[in-house]
Structure formats: C-alpha cells, structure tokens
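Below is one structure; the comments refer to it alone.
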Amino acid sequence: MNKIAQIAVAWLVAAITAACCGCKSLDAKNVAAMSNKATTLAERMLSPETKPQDILLVLAHPDDETWLSGTLARLAQLHRINVVYVSSGDAGSDRSGRELLGQTLAQEREAEVTAALKVLSVKAAPIFWRFPDTQLVSNSSAITNKLVTTLNTQNPQLVISFGSDGVTGHPDHTCLLYTSPSPRDLS
C-alpha cells in the first residue's frame, strides 16, 4: 500500500467513533489505541481477499464524503456501502452563483451528492435524514434514536463517521461522535 493510501486508510478508520472502538474518552492513550486498531482494520477492509461486508457511512452534510472520496471509492469496489447524510445542508453557502437558499439549496446538494456517489461507485442511493443544518447538536437525541434504528435495521459490520475533531471542527461534524449509541442500545 502506498504512503498516500496508508494516510487515507489511517484517517478513515480513525474516524470510526470511539464507541465502536470501545473507548470511553478520547485522551492521547485512547487516540493512539484507536489509531492502531484503525490501521489494522483499514488494512483488512481494503484487502481484496476480504469478504464483502456492509459498511455504513454517517456524515453530517452532502459534500462531507469528499474528505475520504478516494478511500470510499476503493471500499465501494470491495464492499456494500450505505451513506447517511444527517442534514441536507440547507444552511450552507451556494457557490454556484445561482444564490440558492434553504430547501432549494438542500435539494441541489442532495442531487450533487447522489451523482458524486455514483462516480465513486457507491451503488446504494444515499439516505437523507434532513435534520436542520447547523442544528445537529440540539437534535442529538433524535439523531441517536434514528441511528439506533438504522443500525438495528441494516446491521452493518462497520460504521464510519467523524472523529472527535470532525475534520474541520464544525459542530455538526463533531456532534456525530457523541450521537453514537452505546452497544447496549443495539438489539
């Protein structure tokens, strides 16, 4: 595996929530342990010899998949991927020059990400939960409940989401770590 792939793999699996790695807090020791587990898991998941598995990717907004698009494209060649977008990005900025706002912007972002996932070879249509953009923290209980239902229904072997820094520090990204259900919430 080349160095760029190794970095992408390490980030990918480090983004798996602390709950999935069995960590209770994110101190330096637990981050190092997560990183070691992440690297091992990533190498196994990206190996062509690995039996196809169901992977659930939980992201805050359409376009967040760009943080791991190369790795996502590789995983999609080997595994079944489902992507959940908790918000449709209705409070985001329109960079198209068309001055889209609110629901119109959200619909455009959903269409764009649907096309992007096809380019990345993700076969399943994205799932949009449409919680209000920039308000995921205040909706964390409802998001947790929806995530528990999704996990119990889809039963993925791997869940990938943001780590404690949310890549950019965006509150909608970082809150996803804390909406992860504990194993006792799952059937």
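Residue numbers start at 1 in each chain; chains themselves are named A, B, ... in the order of the structure tokens; ligands are numbered from 1 in the order shown.
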Determine, for each residue of region 87-183 of chain A having at least one atom at most 9 Å from an atom of region 67-82 of chain A, the closest pair of atoms and their separation in Å to one decimal, counting only C-alpha atoms; order by chain and ascending number, as JSON lines.
```
{"residue": "A:Leu117", "atom": "CA", "partner": "A:Ala73", "partner_atom": "CA", "distance": 8.5}
{"residue": "A:Val119", "atom": "CA", "partner": "A:Ala73", "partner_atom": "CA", "distance": 8.3}
{"residue": "A:Leu120", "atom": "CA", "partner": "A:Ala73", "partner_atom": "CA", "distance": 4.6}
{"residue": "A:Ser121", "atom": "CA", "partner": "A:Ala76", "partner_atom": "CA", "distance": 5.8}
{"residue": "A:Val122", "atom": "CA", "partner": "A:Ala76", "partner_atom": "CA", "distance": 5.4}
{"residue": "A:Lys123", "atom": "CA", "partner": "A:Ile81", "partner_atom": "CA", "distance": 7.3}
{"residue": "A:Ala124", "atom": "CA", "partner": "A:Asn82", "partner_atom": "CA", "distance": 5.9}
{"residue": "A:Ala125", "atom": "CA", "partner": "A:Asn82", "partner_atom": "CA", "distance": 7.5}
{"residue": "A:Pro126", "atom": "CA", "partner": "A:Asn82", "partner_atom": "CA", "distance": 6.6}
{"residue": "A:Ile127", "atom": "CA", "partner": "A:Asn82", "partner_atom": "CA", "distance": 7.6}
{"residue": "A:Val167", "atom": "CA", "partner": "A:Trp67", "partner_atom": "CA", "distance": 8.2}
```
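The space separating CA of Asp90 (chain A) from CA of Arg130 (chain A) comes to 8.7 Å.
Of the listed residues (A:Cys175, A:Gln135, A:Ala115, A:Leu57), A:Leu57 comes nearest to Leu151 (chain A); the distances count only C-alpha atoms.
Distance annotation: of A:Ser96, A:Ala91, A:Val148, A:Gln157, the residue with the minimal separation from Lys51 (chain A) is A:Gln157; atom set is only C-alpha atoms.
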Residue neighbourhood His61 (chain A), 6 Å, only C-alpha atoms, exclusion window fewer than 4 positions, as a count of residues only = 4
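Among A:Val58, A:Ala111, A:Leu158, A:Ala116, the residue with the shortest atom-to-atom distance to Met45 (chain A), counting only C-alpha atoms, is A:Leu158.
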